[in-house]
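K.L.:
The structure's right below; bear with me while I get my questions together.
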Amino acid sequence: MSGLLSVRDLRVGFGQNPKANAVVKGVSFDLGPGETLGIVGESGSGKSVSALSINRLVDFGGGRITHGSIQLTRSDGTVLDVAKADEKVLLGIRGRDVGMIFQEPMTSLNPVHTVGAQIEEAFRLSKGLTGAQAHKATLDVLGRVRIPDAQSRLGYYPHQLSGGMRQRIMIAMALAASPRLLIADEPTTALDVTVQAQIMALLAELREETGMAMIFITHDIGLVAGIADRIMVMQNGVAVEQGETDGVLDNPQHEYTKHLLRAVPHFTSGKAVRDDGRRAEQHAPIVKVDNLVVRFPVGKAWFKPKGAIHAVDGVSFDLVPGETLAIVGESGCGKSTTARALLGLNSKTRGEIVTEAGRSIRPVQMVFQDPFASLNPRLNVEALLAEPAIANGQRRDDALRERMTFLLDRVGLPQDALTRYPHQFSGGQRQRLCIARALMLNPDVVVLDEAVSALDVSVQAKVLELLVDLQQEFGLAYLFISHDMAVVERIAHRIAVMFAGQIVELGEARAVLSDPQHSYTKRLIAAVPAIERRKQRFAVDMTQVPSLVRPPGFEPSPAQWREAGDDHRVRMEDTP
């Protein structure tokens with residue numbers, strides 16, 4: 001075999017009778033050194049199971065390879081059939097020959113060890129580095145995946161980092177062993193587009209330098225279009241189409257491939273912005289945030305903090321009924337902290353959050369990113385929907401049940417859903433349940449924190465349509481937090497761009513997306529992956545994100561703003 005990997009008629013099943021419970025049904029493909037294969041498909045298509053079979057990690061999830069071969073050419077030239085190898089041999093290829101980047105870093109990182117110790121362990125096991133050499137190599141790889149304050153981050157535990165930073169740690173650990181084949185399973189899902197672009201550029205650079213091959217699994221066809229040499233489309237465990245990237249994207253043959261391409265939101269630099277809900281036609285602001293500051297103390301010296309993380313610094317905006325304000329920016333920039341402060345889940349250091357008529361109780365509800373983690377698996381839907389109402393002092397009576405059935409109907413779920421449990425619904429249906437629960441108290445404002453990022457593209461499109469319909473019906477104001485600029489373009493009326501804890505650009509969505517003024521906004525929009533941009537090559541940008549850790553008593557200079565047009569303001573940048 002001249003290639004690196006040859007998979008033939010791979011079949012994988014689960015349970016006591018894996019042949020009868022097949023998840024992967026006869027998949028075949030080849031991969032040469034330095035090549036990248038993109039595997040795309042929706043949840044349950046079998047793409048991750050196919051990839052996990054290549055290093056037999058599927059065995060640990062109850063899966064079994066029931067048929068087929070996985071021929072892997074090792075560094076010494078020998079060919080190993082992974083499908084038939086024993087565990088002792090497999091231990092020798094995992095990490096060294098075949099590296100892996102998983103989608104959810106929190107389940108992959110050890111919570112009781114610092115991230116520095118875990119990366120140094122990877123260098124020790126793969127390259128035999130110890131002491132100062134391992135420490136230096138760890139700092140270097142953290143710099144390459146754009147971790148700010150790398151030296152101080154070495155002492156952090158996984159729970160002290162944002163989701164995006166944890167994913168960067170995972171990528172750094174995988175790169176430590178310099179594997180010949182890297183399997184990346186949705187590796188940039190938690191990352192904002194600027195860091196995502198840099199990670200993709202880094203992976204492409206490493207592939208060219210080392211000849212490393214990649215299998216890149218994603219639901220984002222625009223993302224895979226820029227890195228893959230070939231694409232394999234999977235549906236229900238079958239590879240329904242595969243071929244050269246340009247051929248699949250420009251001339252898809254299978255109906256499912258055409259369906260996926262139609263469902264992908266294409267970024268158009270502001271051309272697809274909604275035309276409804278113009279601010280001039282709206283009422284006074286229902287929520288006004290003025291100079292919001294949120295800080296977290298760090299370290300102790302004689303029982304006093306050594307400094308503080310300036311998570312949110314001087315943020316101001318307002319929301320009117322029927323309007324969607326999207327907050328975009330990098331992981332750790334303060335988007336979610338701002339939203340949590342709005343709900344009172346984070347204590348503000350100072351600043352004002354004023355609601356209509358000065359009400360102290362804010363009519364705000366929240367929909368989180370992961371619907372399964374947001375719903376108590378022990379409660380049925382009726383109990384889940386009743387929870388916020390009961391907590392608000394209402395009784396579980398006929399009127400409340402009528403409200404439940406009304407909202408279930410509005411979010412597209414049957415009335416018999418009331419007796420079912422969260423695990424009996426798909427991911428998209430669970431997110432619809434979360435939306436229904438958020439509407440139980442007739443809120444004026446709904447905060448949507450990455451509420452559609454975990455959904456398949458076709459499901460995502462339907463949920464976005466639902467959100468728009470509900471907003472128009474109930475006059476809801478949305479605070480929409482996302483790193484997906486194509487999604488933001490389709491739902492936002494206005495956009496606030498956050499960078500290092502501060503809003504740097506704020507204005508009408510079409511103006512911000514079509515004519516960005518701040519240097520960070522320009523980088524953000526330039527980094528958006530799109531099928532139309534697949535020929536674009538990103539250079540690895542080593543620019544450090546400014547540290548948010550400040551010494552005690554530090555106060556930033558007052559913000560200076562300039563007007564860039566009607567309802568479009570830009571923060572003045574510091575000159576060198």
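Numbering starts fresh at 1 for the residues of each chain in the structure tokens, the chains themselves are lettered A, B, ... in the order given, and ligands are numbered from 1 as they appear.
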With a cut-off of 10 Å, could you pull out the residues of segment 364-417 of chain A touching segment 334-345 of chain A and give me the nearest pair of atoms for each, distance in Å to one decimal, using only C-alpha atoms, ordered by chain and ascending number, as JSON lines?

P.N.:
{"residue": "A:Val364", "atom": "CA", "partner": "A:Leu343", "partner_atom": "CA", "distance": 6.4}
{"residue": "A:Gln365", "atom": "CA", "partner": "A:Leu343", "partner_atom": "CA", "distance": 7.5}
{"residue": "A:Met366", "atom": "CA", "partner": "A:Leu343", "partner_atom": "CA", "distance": 8.1}

K.L.:
Do a neighbour search on Val49 of chain A at 10 Å with only C-alpha atoms, toss out local chain neighbours closer than 6 positions, and write the hits as a short mmCIF file (atom, residue, chain, number, x, y, z; two decimals) with all heavy atoms, in the first residue's frame.

P.N.:
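Saved the output as result39.cif:
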data_model
loop_
_atom_site.label_atom_id
_atom_site.label_comp_id
_atom_site.auth_asym_id
_atom_site.auth_seq_id
_atom_site.Cartn_x
_atom_site.Cartn_y
_atom_site.Cartn_z
N ARG A 11 -17.48 -1.58 8.89
CA ARG A 11 -18.80 -1.69 9.51
C ARG A 11 -18.62 -1.72 11.02
O ARG A 11 -17.83 -2.51 11.54
CB ARG A 11 -19.53 -2.96 9.03
CG ARG A 11 -19.77 -2.96 7.53
CD ARG A 11 -20.36 -4.26 7.03
NE ARG A 11 -20.46 -4.24 5.56
CZ ARG A 11 -21.52 -3.81 4.89
NH1 ARG A 11 -22.59 -3.39 5.56
NH2 ARG A 11 -21.53 -3.81 3.58
N VAL A 12 -19.35 -0.87 11.72
CA VAL A 12 -19.24 -0.74 13.17
C VAL A 12 -20.64 -0.76 13.78
O VAL A 12 -21.56 -0.10 13.27
CB VAL A 12 -18.52 0.57 13.57
CG1 VAL A 12 -18.33 0.63 15.09
CG2 VAL A 12 -17.18 0.69 12.87
N GLY A 13 -20.79 -1.54 14.86
CA GLY A 13 -22.07 -1.60 15.55
C GLY A 13 -21.91 -1.47 17.04
O GLY A 13 -20.79 -1.49 17.57
N VAL A 23 -23.92 1.20 12.98
CA VAL A 23 -23.90 2.65 12.92
C VAL A 23 -23.09 3.11 11.72
O VAL A 23 -23.39 4.13 11.09
CB VAL A 23 -23.32 3.24 14.23
CG1 VAL A 23 -23.11 4.74 14.12
CG2 VAL A 23 -24.24 2.93 15.40
N VAL A 24 -22.05 2.38 11.38
CA VAL A 24 -21.26 2.61 10.17
C VAL A 24 -21.46 1.40 9.27
O VAL A 24 -21.27 0.26 9.69
CB VAL A 24 -19.77 2.82 10.49
CG1 VAL A 24 -18.95 2.96 9.22
CG2 VAL A 24 -19.59 4.05 11.38
N ARG A 56 -9.21 2.70 17.11
CA ARG A 56 -9.97 1.76 17.94
C ARG A 56 -10.43 2.35 19.26
O ARG A 56 -10.68 1.62 20.23
CB ARG A 56 -9.14 0.50 18.17
CG ARG A 56 -8.94 -0.36 16.92
CD ARG A 56 -10.07 -1.33 16.69
NE ARG A 56 -10.17 -2.28 17.78
CZ ARG A 56 -9.38 -3.35 17.90
NH1 ARG A 56 -8.46 -3.60 16.97
NH2 ARG A 56 -9.52 -4.18 18.91
N LEU A 57 -10.58 3.65 19.34
CA LEU A 57 -11.15 4.25 20.53
C LEU A 57 -12.63 3.96 20.64
O LEU A 57 -13.23 4.09 21.70
CB LEU A 57 -10.91 5.77 20.54
CG LEU A 57 -9.48 6.23 20.79
CD1 LEU A 57 -9.39 7.75 20.72
CD2 LEU A 57 -8.98 5.75 22.15
N VAL A 58 -13.22 3.56 19.52
CA VAL A 58 -14.64 3.22 19.53
C VAL A 58 -14.91 2.04 20.46
O VAL A 58 -16.02 1.89 20.99
CB VAL A 58 -15.13 2.92 18.09
CG1 VAL A 58 -14.56 1.60 17.58
CG2 VAL A 58 -16.64 2.92 18.01
N GLY A 61 -16.31 2.89 23.85
CA GLY A 61 -17.66 3.43 23.91
C GLY A 61 -18.72 2.38 23.62
O GLY A 61 -19.86 2.72 23.34
N GLY A 63 -18.57 0.21 21.13
CA GLY A 63 -18.63 -0.13 19.71
C GLY A 63 -17.74 -1.29 19.34
O GLY A 63 -16.75 -1.57 20.04
N GLY A 237 -24.82 6.47 8.40
CA GLY A 237 -23.78 5.45 8.42
C GLY A 237 -23.20 5.09 7.07
O GLY A 237 -22.36 4.20 6.97
#

K.L.:
Name the residues of segment 338-561 of chain A that fall into strand (DSSP E or B) according to DSSP on the backbone, using the chain letters and numbers of this document, as number ranges by chain.

P.N.:
A: 350-355, 364-367, 445-449, 477-481, 494-499, 502-508, 549-550, 561

K.L.:
Which residues are near Gly77 of chain A? Cut-off 12 Å, only C-alpha atoms, ignore same chain within fewer than 2 positions. Put them as a PyMOL selection string.

P.N.:
chain A and resi 1-4+71-75+79-80+97

K.L.:
With a distance cut-off of 10 Å and only C-alpha atoms, select the neighbouring residues of Ser453 of chain A, excluding the residue or stretch itself and same-chain residues fewer than 2 positions from it, and output the selection as a count of residues only.

P.N.:
15

K.L.:
Would you kindly return, as a list in words, each protein, DNA or RNA residue with an atom no farther than 10 Å from any atom of His283 of chain A, considering only C-alpha atoms and excluding same-chain residues fewer than 6 positions away?

P.N.:
Leu319, Val320, Pro321 and Gly322 of chain A

K.L.:
So, counting only C-alpha atoms, which residue among A:Arg207, A:Arg430, A:Lys258, A:Arg146 is closest to Gly41 of chain A?

P.N.:
A:Lys258

K.L.:
Work out how far apart atom CA of Gln118 of chain A and atom CA of Gly99 of chain A are and give it in Å to one decimal.

P.N.:
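Those two atoms sit 15.4 Å apart.
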
K.L.:
Run DSSP on the backbone and give me the residues of segment 440-503 of chain A it puts in helix (DSSP H, G or I), as a ChimeraX atom specification.

P.N.:
/A:457-474,485-491

K.L.:
With N, CA, C and O atoms kept, could you save the residues just selected as a CSV table (one decimal), in the first residue's frame?

P.N.:
chain,number,residue,atom,x,y,z
A,457,VAL,N,-26.7,22.0,10.8
A,457,VAL,CA,-27.0,23.2,10.1
A,457,VAL,C,-28.5,23.3,9.7
A,457,VAL,O,-29.1,24.3,9.7
A,458,SER,N,-29.1,22.1,9.3
A,458,SER,CA,-30.5,22.2,8.9
A,458,SER,C,-31.4,22.4,10.1
A,458,SER,O,-32.4,23.2,10.0
A,459,VAL,N,-31.1,21.8,11.2
A,459,VAL,CA,-31.8,22.1,12.5
A,459,VAL,C,-31.6,23.5,12.9
A,459,VAL,O,-32.6,24.2,13.4
A,460,GLN,N,-30.4,24.0,12.8
A,460,GLN,CA,-30.1,25.4,13.2
A,460,GLN,C,-30.9,26.4,12.4
A,460,GLN,O,-31.5,27.3,13.0
A,461,ALA,N,-31.1,26.1,11.1
A,461,ALA,CA,-31.9,27.0,10.3
A,461,ALA,C,-33.3,27.1,10.8
A,461,ALA,O,-34.0,28.2,10.8
A,462,LYS,N,-33.9,25.9,11.1
A,462,LYS,CA,-35.3,25.9,11.6
A,462,LYS,C,-35.4,26.6,12.9
A,462,LYS,O,-36.4,27.3,13.2
A,463,VAL,N,-34.4,26.4,13.9
A,463,VAL,CA,-34.5,27.1,15.2
A,463,VAL,C,-34.4,28.6,15.0
A,463,VAL,O,-35.1,29.4,15.7
A,464,LEU,N,-33.6,29.1,14.1
A,464,LEU,CA,-33.4,30.5,13.8
A,464,LEU,C,-34.7,31.1,13.3
A,464,LEU,O,-35.2,32.2,13.7
A,465,GLU,N,-35.4,30.3,12.4
A,465,GLU,CA,-36.7,30.8,11.9
A,465,GLU,C,-37.7,30.9,13.0
A,465,GLU,O,-38.5,31.8,13.1
A,466,LEU,N,-37.7,29.9,13.9
A,466,LEU,CA,-38.6,29.9,15.1
A,466,LEU,C,-38.3,31.1,15.9
A,466,LEU,O,-39.3,31.8,16.4
A,467,LEU,N,-37.1,31.4,16.2
A,467,LEU,CA,-36.7,32.6,17.0
A,467,LEU,C,-37.3,33.9,16.4
A,467,LEU,O,-37.8,34.7,17.1
A,468,VAL,N,-37.1,34.0,15.1
A,468,VAL,CA,-37.6,35.2,14.4
A,468,VAL,C,-39.1,35.3,14.5
A,468,VAL,O,-39.7,36.4,14.8
A,469,ASP,N,-39.8,34.2,14.3
A,469,ASP,CA,-41.3,34.1,14.4
A,469,ASP,C,-41.8,34.5,15.8
A,469,ASP,O,-42.7,35.3,16.0
A,470,LEU,N,-41.1,33.9,16.8
A,470,LEU,CA,-41.5,34.2,18.2
A,470,LEU,C,-41.2,35.7,18.6
A,470,LEU,O,-42.0,36.3,19.3
A,471,GLN,N,-40.1,36.2,18.1
A,471,GLN,CA,-39.8,37.6,18.4
A,471,GLN,C,-40.9,38.5,17.8
A,471,GLN,O,-41.3,39.5,18.4
A,472,GLN,N,-41.3,38.3,16.6
A,472,GLN,CA,-42.3,39.1,15.9
A,472,GLN,C,-43.7,38.9,16.6
A,472,GLN,O,-44.5,39.9,16.7
A,473,GLU,N,-44.0,37.7,17.1
A,473,GLU,CA,-45.3,37.5,17.7
A,473,GLU,C,-45.4,38.1,19.1
A,473,GLU,O,-46.4,38.7,19.4
A,474,PHE,N,-44.3,38.0,19.9
A,474,PHE,CA,-44.4,38.4,21.3
A,474,PHE,C,-43.6,39.7,21.5
A,474,PHE,O,-43.6,40.2,22.7
A,485,MET,N,-20.6,34.2,12.6
A,485,MET,CA,-21.0,35.4,12.0
A,485,MET,C,-22.0,35.3,10.9
A,485,MET,O,-22.9,36.2,10.7
A,486,ALA,N,-22.1,34.1,10.2
A,486,ALA,CA,-23.1,33.9,9.3
A,486,ALA,C,-24.5,33.8,9.9
A,486,ALA,O,-25.5,34.2,9.4
A,487,VAL,N,-24.6,33.2,11.1
A,487,VAL,CA,-25.8,33.1,11.9
A,487,VAL,C,-26.2,34.5,12.4
A,487,VAL,O,-27.3,34.9,12.3
A,488,VAL,N,-25.2,35.2,12.9
A,488,VAL,CA,-25.4,36.6,13.4
A,488,VAL,C,-26.0,37.4,12.3
A,488,VAL,O,-26.9,38.2,12.6
A,489,GLU,N,-25.5,37.3,11.1
A,489,GLU,CA,-25.9,38.1,10.0
A,489,GLU,C,-27.4,37.9,9.8
A,489,GLU,O,-28.1,38.9,9.4
A,490,ARG,N,-27.9,36.8,10.0
A,490,ARG,CA,-29.3,36.5,9.7
A,490,ARG,C,-30.3,36.8,10.8
A,490,ARG,O,-31.5,36.8,10.5
A,491,ILE,N,-29.8,37.0,12.0
A,491,ILE,CA,-30.8,37.2,13.1
A,491,ILE,C,-30.7,38.6,13.7
A,491,ILE,O,-31.6,39.1,14.3

K.L.:
Skip segment 194-200 of chain A itself and residues of its chain fewer than 2 positions away, then list as a compact mmCIF listing (two decimals) with N, CA and C atoms, in the first residue's frame all residues within 6 Å of it, counting only C-alpha atoms.

P.N.:
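Result written to part15.txt:
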# COMPACT_ATOMS: atom_id res chain seq x y z
N THR A 188 -12.83 22.94 16.29
CA THR A 188 -12.93 24.39 16.44
C THR A 188 -14.35 24.84 16.75
N LEU A 191 -14.59 27.63 19.28
CA LEU A 191 -13.71 28.77 19.07
C LEU A 191 -14.37 29.85 18.23
N ASP A 192 -14.00 31.10 18.50
CA ASP A 192 -14.47 32.19 17.68
C ASP A 192 -13.75 32.14 16.33
N LEU A 202 -2.65 27.09 11.35
CA LEU A 202 -1.59 26.34 12.03
C LEU A 202 -1.59 24.87 11.59
N LEU A 203 -2.77 24.27 11.53
CA LEU A 203 -2.85 22.87 11.10
C LEU A 203 -2.37 22.71 9.66
N LEU A 524 -11.99 39.99 12.43
CA LEU A 524 -13.07 39.06 12.72
C LEU A 524 -13.82 38.69 11.45
N ALA A 527 -11.90 36.63 8.84
CA ALA A 527 -11.62 35.24 9.23
C ALA A 527 -12.81 34.32 9.09
N VAL A 540 -0.47 32.37 9.83
CA VAL A 540 -0.53 32.21 11.28
C VAL A 540 -0.16 33.53 11.94

K.L.:
Find, counting only C-alpha atoms, the residue in A:Thr355, A:Asn110, A:Asn291, A:Ser178 that gets nearest to Tyr156 of chain A.

P.N.:
A:Asn110

K.L.:
Fewer than 3 positions away in the same chain doesn't count, so skip those; otherwise give me all residues within 10 Å of His67 of chain A, counting only C-alpha atoms, as a list in words.

P.N.:
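Once the adjacent positions are removed, what remains is Arg8, Asp9, Leu10, Arg11, Val12, Gly13, Lys19, Lys25, Gly26, Arg64 and Ala83 of chain A.
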
K.L.:
Given the choices A:Gln103, A:Thr405, A:Ser126, A:Asn236, which gets closest to Ala22 of chain A if the distance is worked out from only C-alpha atoms?

P.N.:
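Smallest separation from Ala22 of chain A among the options: A:Asn236.
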
K.L.:
Of the residues A:Gly32, A:Leu513, A:Thr324, A:Gly351, which is the one nearest to Phe480 of chain A, using only C-alpha atoms?

P.N.:
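Ranking A:Gly32, A:Leu513, A:Thr324, A:Gly351 by distance to Phe480 of chain A, first place goes to A:Thr324.
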
K.L.:
From the list A:Asp397, A:Val224, A:Val112, A:Glu121, which residue is nearest Gln133 of chain A when using only C-alpha atoms?

P.N.:
A:Glu121

K.L.:
For atom CA of Ser50 of chain A and atom CA of Val98 of chain A, determine how far apart the two atoms are, in Å to one decimal place.

P.N.:
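Computing it gives 14.0 Å between the two atoms.
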
K.L.:
Please report the interatomic distance between atom CA of Leu292 of chain A and atom CA of Asp313 of chain A in Å with one decimal.

P.N.:
6.5 Å
